[in-house]
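Student: Here it is: the structure, laid out below.
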Protein chains: 4
Amino acid sequence: MVRVGIINVTGYMGAEAARLLARHPELDLVSVTGRSAAGKPLGQVFPHLAALGLTIEEELGEVDAVVSALPHGASAGAVLPYIERGLPVLDLSVDFRLRRAEEYEALHGVHPAPGLLSEAVYGLVELHREELAGAKLAGNPGCHAAAAILALAPAVKAGLIEPDVIVDSKSGISGAGRTLGLTYHFSEANESVAAYALGGHFQLPEMTQELGALWEAPPPSITFVPHLVPMSRGILATCYASLRRDADLGGDADGRLRELYADFYAASPFVRVAPEPPSTKQALGSNDCLLHPSIDQRTRRLVVVSCLDNLMKGGAGQGVQCLNVMLGLPETAGLDSLALYP
Amino acid sequence: MVRVGIINVTGYMGAEAARLLARHPELDLVSVTGRSAAGKPLGQVFPHLAALGLTIEEELGEVDAVVSALPHGASAGAVLPYIERGLPVLDLSVDFRLRRAEEYEALHGVHPAPGLLSEAVYGLVELHREELAGAKLAGNPGCHAAAAILALAPAVKAGLIEPDVIVDSKSGISGAGRTLGLTYHFSEANESVAAYALGGHFQLPEMTQELGALWEAPPPSITFVPHLVPMSRGILATCYASLRRDADLGGDADGRLRELYADFYAASPFVRVAPEPPSTKQALGSNDCLLHPSIDQRTRRLVVVSCLDNLMKGGAGQGVQCLNVMLGLPETAGLDSLALYP
Amino acid sequence: MVRVGIINVTGYMGAEAARLLARHPELDLVSVTGRSAAGKPLGQVFPHLAALGLTIEEELGEVDAVVSALPHGASAGAVLPYIERGLPVLDLSVDFRLRRAEEYEALHGVHPAPGLLSEAVYGLVELHREELAGAKLAGNPGCHAAAAILALAPAVKAGLIEPDVIVDSKSGISGAGRTLGLTYHFSEANESVAAYALGGHFQLPEMTQELGALWEAPPPSITFVPHLVPMSRGILATCYASLRRDADLGGDADGRLRELYADFYAASPFVRVAPEPPSTKQALGSNDCLLHPSIDQRTRRLVVVSCLDNLMKGGAGQGVQCLNVMLGLPETAGLDSLALYP
Amino acid sequence: MVRVGIINVTGYMGAEAARLLARHPELDLVSVTGRSAAGKPLGQVFPHLAALGLTIEEELGEVDAVVSALPHGASAGAVLPYIERGLPVLDLSVDFRLRRAEEYEALHGVHPAPGLLSEAVYGLVELHREELAGAKLAGNPGCHAAAAILALAPAVKAGLIEPDVIVDSKSGISGAGRTLGLTYHFSEANESVAAYALGGHFQLPEMTQELGALWEAPPPSITFVPHLVPMSRGILATCYASLRRDADLGGDADGRLRELYADFYAASPFVRVAPEPPSTKQALGSNDCLLHPSIDQRTRRLVVVSCLDNLMKGGAGQGVQCLNVMLGLPETAGLDSLALYP
C-alpha cells in the first residue's frame, strides 16, 4: 500500500479526495492537514468521514505521495518541499496546470517555482497518459476545463472544426467551494441561474493550452462563459464550433461523429459517448464523463454536450485517476462507483 | 371593465394568465374553460385561484376578449370563431407566431386558417408596439424566443454583429408544462442539467423571423440549444455573436453597449439593462426582462445574458402586456408586481 | 398616504417589507435604513427593488409610521425614540412579542424598555384584532409561532385538546436570514433535511403565551422542533395534541372540525381551511395561512397541518396586515397577491 | 459467487439494488426482469447501469437467490415459485413484512400465501440478526418504518417511554417511486413541503408490530405522519414519546441516553449515534442510519432524530445487508460506500 497524505482536507475537493482514498484498494490515506481545523477529528468537520479515524494535523506525517487541495496560489509553495524530496505530487489547484509562467502570473501573481511549470504534466489522463506514467508532478485539470477539453479534443484532432469555439458551461454550486459567500447562500442560489466571470475565467487558459496543442496554428479563439445552476454537483458544458469548410462526415454525420469520438476514447475507461443527450445526474458520484457530439446541419456547427461530476471527473476523481497512472496502478483503481441515481 | 375569457386554463400558462387577470384593474376574468376539468371549481384544480370563485366550463361564456392557452396545433382552430366575431384574441401557443404558413406547417402540420398568419401580429410588444395597438389577433412569443430576441435586437438593429448567432438557453422546468413526463418527474429532473431538442426546437423559427426582419439579407444563421435546469421558473439565455469587422464601440465598449441597449428600450418599461450579470431570481414573478450585454474583447464576440420569468415575460405576463396594448390600456396595467425575492 | 420608514431594510425581512409597501395603495415607503449599506442605492443591494428609487440611509427621514426589521436585541433600543414621539411602530423582531420581561430576558438578555412589554400588542391580527386597532406598538409574531398558533387556537378555544402539544415545523431556508453561515451554504443545505434548536427555540415562549391565554390553567406543555428543508420560502407546521376525554365531534369528526375552524376564522380573510392537506407552494408569495385539521381516530389525536410563506404571513406580510389594522386601514390593503404557482 | 437475480429492476428500488449488486464482492448479479422493458438493454433504461451489460428479461435466468422489487400486492405471487424451490428470497415490497395475515389483508387485499407470513422474517437486521441468519424469506422494511423503529427500539427496550408515540417523517421524493404522478411532477413538488397519508400510511403496522414486540402490553399507540420534501433522497424521522414517570437518566440525561443507544447498536455497523442533530445529507448514498436521541426536560419527552437514505438503509442497501446475513456473508459486504457529500 502506498501511503498518501492530503494537504488541506477541509474544502470540498479535499474531502472528496479523502472519501475516495478511504476506499482505494492500493492507496492508504494516512495523514490529512487543514489550517484552521488542525487538532480536530476529521469526523467532527465531516461526519461522513468519521469512519476513517483520522485527526486533522498541522503538517503531513510520513507519506509516500501527496495530494494538495490548497487554494490557487497557496498550493505551489506548500508542495515544494515534497517535490524536492522526490515524492509524487498531485496538485488539485491551478498552480501546476499551465506550462508558461507568464500565463500563470498574469492571472495569479508570482509563482514560487516557475521552473517547475514546464516539468509538470497536465493531469488529464485521456490526453497525457504516457507522460503521466511515472511522472512526479501533475496539475489536475479544472472542472470546466476537463469537460470542455474532453468534449472538443477528438474534433480538433480530426481537423473537423475551425479554431473558433464557444464553451457555455453550467456548474453545480459545490464548484464554488466551501467558503461562504452571498452568491452561494442557499436562498440566493436556489431557484436561480446566473452567468459569471464574463470578463474572463481562470480556466480558459487551460482550454486554450490543451486544445491549442492539438491544433495547427493559429491558436484557438475560445469564448468561455460559466454559469451557476441550483444543484450541488455536476457540470454540463455545451460546446459550439464551426465545421471546417472541408469537413465532410458523409450521410449519417451524427453516427460517424459518435464513432470518431468512441474511437478517440477507446482506451479511456471513464469517457463514454452517449447516444442521447446526457444529463449530469447520469454522472453523479462517478468518475465518468459523458459526451454527446452532434452536427447542426443547418448552420454547419458542431455541438458537443459534455457532462461530469465536478468533484469527481472534474476534480478529486480525476485526481485519483491521475495518481493511479503516476504510480503505475490500474487507472480505474478505487474509482469503480456507479453513478448515484436518482 | 373588459370581460376576458381564458380557453384551457388548466395548464401552467392558463393558470398564470388567470392569476394575473384576477388582479387586473381594467380586465375582468369572467370565464375559463378546460377540457377534462369542466364542471370543477377552479379552486379545486388550482387552490391558489380559489378566491376567484370561477367554475371551469366547457365553452367560454359572454366575453369581450379571448386568451387561448391551448397547446400548439389545437389553439388556432379553437379561436377561429372568436376571430370571426371580431373579438380581440391573444394566442399563447405557437399557432399565430409565424408569418409564413410553410414554416408553420413544416413543424406543426396543416394550419386551419393559414390566411390569418400574415394578419396576426407577433406579440412581442417591444418590437411591435405600434402594430399591436388596436390589433385583433396576436401570437404571443415563446419563452426562449422572447429572451433571445430581446437580447439581440438592439445589436442587430445597430449593425454590430454578423448574422451568426448562438443562443444557449437555460430554462426552469415549468416551461415544459403540467403534462406528466419522466423527464419532468421530480427525482429525474432534480439535481441535474440536460440539453434537449438538439435536432431543432420549434421556437427557433420565431427567432429567425424576428431578428431576420431587423437584419439586412442574408437571413441570420442561429444555433439554438435549450437546457433544463432544476428550478421551477426562469429562463436565462446566453447569446453569442461575432462582432462585425467594422463595429467599433470605442474605449468603454461595455459601457457604450449598455447605453445603446438602454436607448433601444427607453420606452419599454419591462426591459432593464443590468450593470452586473443578472440572475433569474431577480425576475421571478415579475414581468421584467433583464439584459446584460458585454463584449469579449479577446475574441471580438458580443455576449448578452438575458433573463426573465418564463411564465411572466416569457408567457402570460407578456400576454397581458400585449393584450393591454391591443385594447388601448396602459401597457403596465396589472403587471406591476416586483420580483419575489429571495 | 401615510409615510412609512423601514429600519434595517438589508435583510430578507426588511426587503420583503419594502416590496410590499412599494405597492401598497395607502402607505408610502419614503425612507429605508441599513447599517453597512448606508449611502448605496437600494437597487444596488436588491435589484428587484430598483424601481423604488430609494437610497439606503443612516437614519430614517420624516415618517408617520415605523417598521423595524432589526435583529433581536437591537430593535427595541432603536425604535424607542419613535415610540416616545408617539409614532406607530411595528417591530418584526422578538423584542416586543413577550408580555413578561423575565421571559424575554431569560433568552435575550436585558430589555431596554421592559415597561413597554406589557403595553405592546402581539401582532397576530387573527387573535388580537381589537387590541391592535389604534395600537401604537406591536411585536410581529415569529414565523413558526404564527403557523402553530393559528393551527391550534380554534381547538384550544373549543376545549378539544389536552395542554400537551407537539409542534413539528419545517421551514424554508430564507427563515434563517441573509447572514452567511455554513448551515445555509447552498451545497450544505441543498438535498438535505435537518432538525435544529432541539435544546429550545426562541419562538416557543410565544406559542406558550398565546395558546396559554386561550387555555384554562395549567399552562400548556409544548414540545417544538423546527427543521430546515431545502427550499427558499415556506413553513409547514404539523401540530399534534391529544383530544380531551370528553371531546366529542360526533360522526363526521373531520368535517365538523373543519367547520369549527372555518367559523373561528370567519372574519379573517387570510386564513383558509383546506379540505385536502395543503402544500407550502399554495401560499408562496401570498399572505395566506392554510389549515388542515383532522383527527387520528385510532389514537384520538388532533393533527393540524398549517402552512404559510415565512416572509409573508410568517413575517412582513403579517406585519403589513398588522400595520393596516393599527392605522385603521382595510386589513387586506396591499396584500391581495395570489400565490405564485408553480 | 452467489448468482442473484432482481425481479422488476425498472423502478428506483430495483435499480438501486442493481447498482449495489454490481459492485458486490460476493454476489453476482446475473439476471434482471422488467415487465414493460423486457428485451431492452439495461443501460438504455438506466444509463448509469450500462456497464453491467445486462438485458432486461421477461423471466429470471438461472439464479441462486432472488431479490424482488415488484410493487406491493404483485410481489408475493411472483416470488412463490422461487420460495417453493428453496431459493433465498428477499422481498422489498410490503408483502412479507407483517406477521398477521389479517393486518396485511385489511390494507392490501388477499395474500396469495398467507401461511408464509408467519415464516418470513422482518428484514431489519439490527433487530432480527439471528433469525435472519440462514433464513429463506425476508420482508425488507419500509423506509419510514426503518427510520422510526431504529430510532425508538433502544428506548422501548430500556423501558424509558410510554407506548404513546408520534413519528413525523420527512422524505425525499424518490420514495414515491418512478411512476409518474402530478404530486411528483417537478414543478409541483419543488419548493414545497406537504404532509400526506393523514388517514393512515401502510408502513404504520410495521412500526406497531416491531416496536410492539419490544414493549410489554398494551400495544403502542403510534401517530405517523409522512411528509414530502423537495429533495431526491433521504428520510429524516423526528420521533416523540413521553418519558415514563419512573424513567430517570440522572444528571447528564442526553449523554446517558446516547450511551444507551450506542450500547444497543454496538454490534450494528450501520447505525451511528450522532452527538449533533444529523442531516440527511450525511447519509446520502451510504447504508448508514444516524440517530440523535435527546430529552426535552421541560416536557419530559424523548425526541429522537433519525436519518437515512431511503433507497439505501431505507431500501435496497438494507436489503443487501439482509441478504448478506441470510447467506452467511459479512454483513457489510458491498455496502462500504461513504456518504456522497456535499
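In the C-alpha cells, chains take letters A, B, ... by order of appearance, with residues numbered from 1 within each chain and ligands from 1 in the order shown.
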Report as a list in words the set of chain A residues whose atoms approach chain C to within 6 Å, with distances computed over only C-alpha atoms.
Tutor: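 My answer is Ser174, Tyr184, His185, Phe186, Ser187 and Ser232 of chain A.
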Student: With all heavy atoms retained, export the selected residues as a PDB file, in the first residue's frame.
Tutor:
```
ATOM      1  N   SER A 174     -21.301  23.346  -5.697  1.00  0.00           N
ATOM      2  CA  SER A 174     -20.135  22.881  -4.943  1.00  0.00           C
ATOM      3  C   SER A 174     -18.846  23.300  -5.635  1.00  0.00           C
ATOM      4  O   SER A 174     -17.792  23.369  -5.002  1.00  0.00           O
ATOM      5  CB  SER A 174     -20.165  21.359  -4.765  1.00  0.00           C
ATOM      6  OG  SER A 174     -20.021  20.711  -5.997  1.00  0.00           O
ATOM      7  N   TYR A 184     -23.489  32.126  -2.881  1.00  0.00           N
ATOM      8  CA  TYR A 184     -23.667  30.693  -2.629  1.00  0.00           C
ATOM      9  C   TYR A 184     -24.564  30.426  -1.421  1.00  0.00           C
ATOM     10  O   TYR A 184     -24.713  29.293  -0.991  1.00  0.00           O
ATOM     11  CB  TYR A 184     -22.306  30.015  -2.459  1.00  0.00           C
ATOM     12  CG  TYR A 184     -21.289  30.548  -3.421  1.00  0.00           C
ATOM     13  CD1 TYR A 184     -20.145  31.202  -2.994  1.00  0.00           C
ATOM     14  CD2 TYR A 184     -21.525  30.471  -4.802  1.00  0.00           C
ATOM     15  CE1 TYR A 184     -19.240  31.739  -3.897  1.00  0.00           C
ATOM     16  CE2 TYR A 184     -20.629  31.012  -5.710  1.00  0.00           C
ATOM     17  CZ  TYR A 184     -19.497  31.642  -5.251  1.00  0.00           C
ATOM     18  OH  TYR A 184     -18.613  32.176  -6.147  1.00  0.00           O
ATOM     19  N   HIS A 185     -25.109  31.484  -0.858  1.00  0.00           N
ATOM     20  CA  HIS A 185     -26.066  31.392   0.241  1.00  0.00           C
ATOM     21  C   HIS A 185     -27.305  30.708  -0.332  1.00  0.00           C
ATOM     22  O   HIS A 185     -27.764  31.051  -1.427  1.00  0.00           O
ATOM     23  CB  HIS A 185     -26.379  32.824   0.688  1.00  0.00           C
ATOM     24  CG  HIS A 185     -27.024  32.941   2.027  1.00  0.00           C
ATOM     25  ND1 HIS A 185     -26.544  32.327   3.161  1.00  0.00           N
ATOM     26  CD2 HIS A 185     -28.121  33.643   2.434  1.00  0.00           C
ATOM     27  CE1 HIS A 185     -27.317  32.651   4.197  1.00  0.00           C
ATOM     28  NE2 HIS A 185     -28.291  33.437   3.772  1.00  0.00           N
ATOM     29  N   PHE A 186     -27.851  29.731   0.386  1.00  0.00           N
ATOM     30  CA  PHE A 186     -28.912  28.922  -0.216  1.00  0.00           C
ATOM     31  C   PHE A 186     -30.024  29.750  -0.851  1.00  0.00           C
ATOM     32  O   PHE A 186     -30.387  29.547  -2.017  1.00  0.00           O
ATOM     33  CB  PHE A 186     -29.520  27.965   0.815  1.00  0.00           C
ATOM     34  CG  PHE A 186     -30.560  27.066   0.208  1.00  0.00           C
ATOM     35  CD1 PHE A 186     -30.210  25.843  -0.343  1.00  0.00           C
ATOM     36  CD2 PHE A 186     -31.898  27.447   0.130  1.00  0.00           C
ATOM     37  CE1 PHE A 186     -31.155  25.023  -0.941  1.00  0.00           C
ATOM     38  CE2 PHE A 186     -32.857  26.630  -0.467  1.00  0.00           C
ATOM     39  CZ  PHE A 186     -32.479  25.417  -0.997  1.00  0.00           C
ATOM     40  N   SER A 187     -30.546  30.702  -0.088  1.00  0.00           N
ATOM     41  CA  SER A 187     -31.718  31.433  -0.578  1.00  0.00           C
ATOM     42  C   SER A 187     -31.404  32.292  -1.797  1.00  0.00           C
ATOM     43  O   SER A 187     -32.303  32.664  -2.549  1.00  0.00           O
ATOM     44  CB  SER A 187     -32.311  32.296   0.532  1.00  0.00           C
ATOM     45  OG  SER A 187     -32.598  31.504   1.675  1.00  0.00           O
ATOM     46  N   SER A 232     -26.143  20.675  -6.326  1.00  0.00           N
ATOM     47  CA  SER A 232     -24.898  20.594  -5.575  1.00  0.00           C
ATOM     48  C   SER A 232     -23.710  20.227  -6.464  1.00  0.00           C
ATOM     49  O   SER A 232     -22.662  20.838  -6.400  1.00  0.00           O
ATOM     50  CB  SER A 232     -25.029  19.569  -4.445  1.00  0.00           C
ATOM     51  OG  SER A 232     -25.974  19.999  -3.496  1.00  0.00           O
TER      52      SER A 232
END
```
Student: Among region 115-300 of chain B, which residues does DSSP mark as helix (DSSP H, G or I) when it is run on the backbone? Keep the chain and numbering as in the structure and answer as a PyMOL selection string.
Tutor: chain B and resi 115-116+125-132+143-157+173-176+182-184+186-189+204-212+253-264+280-283
Student: Would you kindly return, as a VMD selection string, each protein, DNA or RNA residue with an atom no farther than 8 Å from any atom of region 127-135 of chain A, considering only C-alpha atoms and excluding same-chain residues fewer than 4 positions away?
Tutor: chain A and resid 88 121 to 123 322 325 to 328
Student: Might you pull out every residue within 8 Å of Thr332 (chain A), with only C-alpha atoms counted and same-chain residues fewer than 5 positions away left off, and present them as a list of chain:residue names?
Tutor: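 Close residues of Thr332 (chain A): A:Pro269, A:Gln321, A:Asn324.
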Student: List the neighbours of region 313-320 of chain B out to 8 Å using only C-alpha atoms; skip same-chain residues closer than 4 positions along the sequence, and give me the result as a compact mmCIF listing (two decimals) with N, CA and C atoms, in the first residue's frame.
Tutor:
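Contents of result-v9.txt, freshly written:
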```
# COMPACT_ATOMS: atom_id res chain seq x y z
N MET B 13 -49.63 27.83 -18.10
CA MET B 13 -49.74 29.12 -18.77
C MET B 13 -51.13 29.70 -18.57
N GLY B 14 -52.14 28.85 -18.66
CA GLY B 14 -53.51 29.31 -18.44
C GLY B 14 -53.71 29.76 -16.99
N GLU B 16 -51.47 30.89 -14.99
CA GLU B 16 -50.74 32.14 -14.75
C GLU B 16 -51.51 33.32 -15.34
N ALA B 17 -52.11 33.12 -16.50
CA ALA B 17 -52.95 34.18 -17.08
C ALA B 17 -54.10 34.50 -16.13
N LEU B 20 -52.98 36.58 -13.16
CA LEU B 20 -52.75 37.99 -13.48
C LEU B 20 -54.06 38.74 -13.74
N LEU B 21 -54.95 38.12 -14.50
CA LEU B 21 -56.21 38.79 -14.83
C LEU B 21 -57.05 38.99 -13.57
N LEU B 90 -55.80 36.90 -28.04
CA LEU B 90 -54.38 36.71 -27.78
C LEU B 90 -54.14 35.21 -27.68
N LEU B 92 -51.61 32.19 -26.91
CA LEU B 92 -50.34 31.91 -26.22
C LEU B 92 -49.57 30.77 -26.87
N GLY B 123 -46.54 38.98 -30.88
CA GLY B 123 -46.94 39.75 -29.71
C GLY B 123 -45.84 40.32 -28.84
N LEU B 124 -44.61 40.39 -29.33
CA LEU B 124 -43.55 40.97 -28.51
C LEU B 124 -43.68 42.49 -28.58
N VAL B 125 -44.23 43.06 -27.53
CA VAL B 125 -44.59 44.48 -27.55
C VAL B 125 -43.40 45.36 -27.88
N ASN B 140 -48.51 35.24 -29.08
CA ASN B 140 -47.57 35.58 -28.00
C ASN B 140 -46.25 34.82 -28.21
N PRO B 141 -45.11 35.47 -27.98
CA PRO B 141 -43.82 34.82 -28.22
C PRO B 141 -43.57 33.61 -27.32
N GLY B 142 -42.74 32.71 -27.80
CA GLY B 142 -42.25 31.63 -26.95
C GLY B 142 -41.29 32.18 -25.92
N CYS B 143 -41.10 31.42 -24.87
CA CYS B 143 -40.30 31.92 -23.74
C CYS B 143 -38.84 32.07 -24.10
N HIS B 144 -38.25 31.05 -24.74
CA HIS B 144 -36.86 31.17 -25.16
C HIS B 144 -36.71 32.27 -26.21
N ALA B 146 -38.55 34.95 -26.69
CA ALA B 146 -38.63 36.29 -26.11
C ALA B 146 -37.29 36.70 -25.52
N ALA B 147 -36.69 35.78 -24.75
CA ALA B 147 -35.41 36.09 -24.11
C ALA B 147 -34.33 36.40 -25.15
N SER B 286 -42.09 38.57 -11.75
CA SER B 286 -42.31 39.90 -12.32
C SER B 286 -42.35 39.79 -13.85
N ASN B 287 -42.73 40.88 -14.50
CA ASN B 287 -42.77 40.86 -15.97
C ASN B 287 -41.49 41.44 -16.57
N ASP B 288 -40.44 41.51 -15.77
CA ASP B 288 -39.20 42.11 -16.26
C ASP B 288 -38.38 41.17 -17.13
N CYS B 289 -37.66 41.77 -18.06
CA CYS B 289 -36.57 41.08 -18.76
C CYS B 289 -35.30 41.87 -18.46
N LEU B 308 -35.49 36.24 -17.62
CA LEU B 308 -36.90 36.56 -17.41
C LEU B 308 -37.57 35.35 -16.74
N ASP B 309 -38.80 35.59 -16.29
CA ASP B 309 -39.62 34.50 -15.76
C ASP B 309 -40.40 33.92 -16.93
N ASN B 324 -53.02 44.40 -23.15
CA ASN B 324 -53.16 45.81 -22.76
C ASN B 324 -52.99 46.72 -23.98
N GLY B 334 -51.88 45.94 -14.43
CA GLY B 334 -51.95 44.59 -13.88
C GLY B 334 -50.63 43.87 -13.83
N LEU B 335 -49.55 44.57 -14.10
CA LEU B 335 -48.24 43.91 -14.21
C LEU B 335 -47.20 44.57 -13.34
```
Student: Could you pull the residues within 10 Å of Pro41 (chain A), counting only C-alpha atoms, minus those fewer than 4 positions along the same chain, as a list of chain:residue names?
Tutor: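 In the requested format, the answer is A:Ala37, A:Val45, A:Phe46, A:Pro47, A:Leu49, A:Ala50, A:Leu52, A:Gly53, A:Leu54, A:Thr55, A:Ile56, A:Glu57.
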Student: So that I can see what lies close to Asn8 (chain C), please list as a list in words the residues with an atom at most 7 Å from it, counting only C-alpha atoms and leaving out residues fewer than 4 positions away in the same chain.
Tutor: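 The contact residues come out as Gly14, Val32, Thr33, Gly34, Arg35, Ser68, Ala69 and Leu70 of chain C.
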Student: Would you mind exporting N, CA and C atoms of the selected residues as an mmCIF file, in the first residue's frame?
Tutor:
```cif
data_model
loop_
_atom_site.group_PDB
_atom_site.id
_atom_site.type_symbol
_atom_site.label_atom_id
_atom_site.label_comp_id
_atom_site.auth_asym_id
_atom_site.auth_seq_id
_atom_site.Cartn_x
_atom_site.Cartn_y
_atom_site.Cartn_z
ATOM 1 N N GLY C 14 -36.654 42.818 5.966
ATOM 2 C CA GLY C 14 -36.760 44.219 5.581
ATOM 3 C C GLY C 14 -37.042 44.388 4.100
ATOM 4 N N VAL C 32 -35.629 54.255 4.025
ATOM 5 C CA VAL C 32 -35.135 52.949 4.479
ATOM 6 C C VAL C 32 -33.723 53.134 5.010
ATOM 7 N N THR C 33 -33.388 52.372 6.051
ATOM 8 C CA THR C 33 -32.033 52.464 6.597
ATOM 9 C C THR C 33 -31.347 51.101 6.550
ATOM 10 N N GLY C 34 -30.048 51.140 6.740
ATOM 11 C CA GLY C 34 -29.273 49.897 6.762
ATOM 12 C C GLY C 34 -27.869 50.233 7.186
ATOM 13 N N ARG C 35 -27.394 49.529 8.168
ATOM 14 C CA ARG C 35 -26.132 49.945 8.771
ATOM 15 C C ARG C 35 -24.971 49.973 7.786
ATOM 16 N N SER C 68 -39.635 48.144 11.999
ATOM 17 C CA SER C 68 -38.249 47.782 12.293
ATOM 18 C C SER C 68 -37.979 46.332 11.924
ATOM 19 N N ALA C 69 -36.946 46.146 11.110
ATOM 20 C CA ALA C 69 -36.518 44.806 10.743
ATOM 21 C C ALA C 69 -35.130 44.525 11.299
ATOM 22 N N LEU C 70 -34.827 45.175 12.408
ATOM 23 C CA LEU C 70 -33.543 44.926 13.065
ATOM 24 C C LEU C 70 -33.557 43.561 13.744
#
```
Student: Expressed in Å to a single decimal, how great is the separation between CA of Lys281 (chain C) and CA of Cys307 (chain C)?
Tutor: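 Between these atoms lies a distance of 8.9 Å.
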Student: Just the number, please: distance in Å from CA of Leu42 (chain A) to CA of Asp28 (chain A), one decimal.
Tutor: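 Distance reported for this atom pair: 15.7 Å.
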Student: Would you please give, as a list in words, all residues of region 286-317 of chain C that DSSP assigns to strand (DSSP E) based on the backbone?
Tutor: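 DSSP on the backbone gives strand (DSSP E) at Cys289, Leu290, Leu291, His292, Pro293, Ser294, Ile295, Asp296, Arg301, Leu302, Val303, Val304, Val305, Ser306, Cys307 and Leu308 of chain C.
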Student: The selected residues should be written to file as a short mmCIF file (atom, residue, chain, number, x, y, z; two decimals), in the first residue's frame (atoms: all heavy atoms).
Tutor:
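Produced file selection_26.cif, reproduced below:
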```cif
data_model
loop_
_atom_site.label_atom_id
_atom_site.label_comp_id
_atom_site.auth_asym_id
_atom_site.auth_seq_id
_atom_site.Cartn_x
_atom_site.Cartn_y
_atom_site.Cartn_z
N CYS C 289 -52.62 31.79 5.21
CA CYS C 289 -52.26 30.65 6.04
C CYS C 289 -53.31 29.58 5.77
O CYS C 289 -54.52 29.83 5.90
CB CYS C 289 -52.28 31.02 7.52
SG CYS C 289 -52.00 29.60 8.60
N LEU C 290 -52.88 28.40 5.35
CA LEU C 290 -53.79 27.31 5.05
C LEU C 290 -53.76 26.29 6.19
O LEU C 290 -52.69 25.85 6.59
CB LEU C 290 -53.38 26.62 3.75
CG LEU C 290 -53.26 27.53 2.52
CD1 LEU C 290 -52.81 26.73 1.31
CD2 LEU C 290 -54.58 28.21 2.24
N LEU C 291 -54.94 25.94 6.66
CA LEU C 291 -55.02 25.00 7.79
C LEU C 291 -55.80 23.75 7.38
O LEU C 291 -56.84 23.84 6.74
CB LEU C 291 -55.76 25.65 8.96
CG LEU C 291 -55.11 26.89 9.57
CD1 LEU C 291 -56.00 27.44 10.69
CD2 LEU C 291 -53.73 26.56 10.12
N HIS C 292 -55.26 22.62 7.75
CA HIS C 292 -55.96 21.35 7.51
C HIS C 292 -56.00 20.56 8.82
O HIS C 292 -55.06 19.85 9.15
CB HIS C 292 -55.26 20.55 6.42
CG HIS C 292 -55.93 19.25 6.13
ND1 HIS C 292 -57.10 19.16 5.43
CD2 HIS C 292 -55.60 17.98 6.46
CE1 HIS C 292 -57.46 17.89 5.33
NE2 HIS C 292 -56.57 17.16 5.95
N PRO C 293 -57.09 20.70 9.58
CA PRO C 293 -57.20 19.95 10.83
C PRO C 293 -57.82 18.59 10.57
O PRO C 293 -58.70 18.44 9.70
CB PRO C 293 -58.14 20.82 11.66
CG PRO C 293 -59.00 21.53 10.66
CD PRO C 293 -58.23 21.62 9.36
N SER C 294 -57.38 17.59 11.32
CA SER C 294 -58.00 16.27 11.20
C SER C 294 -57.81 15.50 12.50
O SER C 294 -57.02 15.89 13.36
CB SER C 294 -57.41 15.47 10.03
OG SER C 294 -56.06 15.14 10.31
N ILE C 295 -58.56 14.42 12.62
CA ILE C 295 -58.48 13.59 13.83
C ILE C 295 -57.89 12.23 13.45
O ILE C 295 -58.33 11.62 12.48
CB ILE C 295 -59.89 13.35 14.43
CG1 ILE C 295 -60.62 14.67 14.68
CG2 ILE C 295 -59.79 12.48 15.68
CD1 ILE C 295 -60.24 15.37 15.94
N ASP C 296 -56.88 11.80 14.19
CA ASP C 296 -56.42 10.42 14.06
C ASP C 296 -57.26 9.61 15.05
O ASP C 296 -56.97 9.56 16.25
CB ASP C 296 -54.92 10.36 14.42
CG ASP C 296 -54.37 8.95 14.25
OD1 ASP C 296 -55.15 8.02 13.95
OD2 ASP C 296 -53.14 8.76 14.42
N ARG C 301 -55.98 11.58 18.47
CA ARG C 301 -55.13 12.78 18.44
C ARG C 301 -55.63 13.75 17.38
O ARG C 301 -56.08 13.35 16.31
CB ARG C 301 -53.68 12.42 18.09
CG ARG C 301 -52.89 11.89 19.25
CD ARG C 301 -51.41 12.17 19.08
NE ARG C 301 -50.68 11.46 20.15
CZ ARG C 301 -50.26 10.21 20.05
NH1 ARG C 301 -50.47 9.51 18.95
NH2 ARG C 301 -49.62 9.65 21.06
N LEU C 302 -55.53 15.02 17.72
CA LEU C 302 -55.74 16.08 16.72
C LEU C 302 -54.43 16.28 15.96
O LEU C 302 -53.36 16.35 16.59
CB LEU C 302 -56.11 17.38 17.43
CG LEU C 302 -56.20 18.63 16.53
CD1 LEU C 302 -57.47 18.61 15.70
CD2 LEU C 302 -56.15 19.91 17.39
N VAL C 303 -54.52 16.33 14.64
CA VAL C 303 -53.35 16.64 13.83
C VAL C 303 -53.73 17.81 12.94
O VAL C 303 -54.67 17.71 12.15
CB VAL C 303 -52.93 15.43 12.94
CG1 VAL C 303 -51.71 15.80 12.10
CG2 VAL C 303 -52.67 14.20 13.79
N VAL C 304 -53.02 18.93 13.09
CA VAL C 304 -53.31 20.09 12.24
C VAL C 304 -52.09 20.43 11.41
O VAL C 304 -51.00 20.63 11.95
CB VAL C 304 -53.71 21.33 13.07
CG1 VAL C 304 -54.19 22.45 12.13
CG2 VAL C 304 -54.77 20.99 14.09
N VAL C 305 -52.27 20.44 10.09
CA VAL C 305 -51.21 20.88 9.20
C VAL C 305 -51.46 22.35 8.89
O VAL C 305 -52.57 22.73 8.50
CB VAL C 305 -51.22 20.07 7.89
CG1 VAL C 305 -50.18 20.61 6.93
CG2 VAL C 305 -50.97 18.59 8.18
N SER C 306 -50.44 23.16 9.06
CA SER C 306 -50.58 24.61 8.88
C SER C 306 -49.49 25.07 7.95
O SER C 306 -48.32 24.75 8.16
CB SER C 306 -50.42 25.27 10.26
OG SER C 306 -50.32 26.67 10.15
N CYS C 307 -49.84 25.79 6.90
CA CYS C 307 -48.72 26.29 6.09
C CYS C 307 -48.91 27.72 5.64
O CYS C 307 -50.01 28.23 5.50
CB CYS C 307 -48.37 25.36 4.95
SG CYS C 307 -49.53 25.23 3.66
N LEU C 308 -47.77 28.36 5.46
CA LEU C 308 -47.72 29.78 5.10
C LEU C 308 -46.34 30.09 4.52
O LEU C 308 -45.45 29.25 4.54
CB LEU C 308 -47.99 30.65 6.36
CG LEU C 308 -47.19 30.36 7.64
CD1 LEU C 308 -45.78 30.87 7.58
CD2 LEU C 308 -47.92 31.00 8.82
#
```
Student: What gap, in Å, lies between CA of Phe224 (chain D) and CA of Leu257 (chain C)?
Tutor: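 Distance reported for this atom pair: 19.9 Å.
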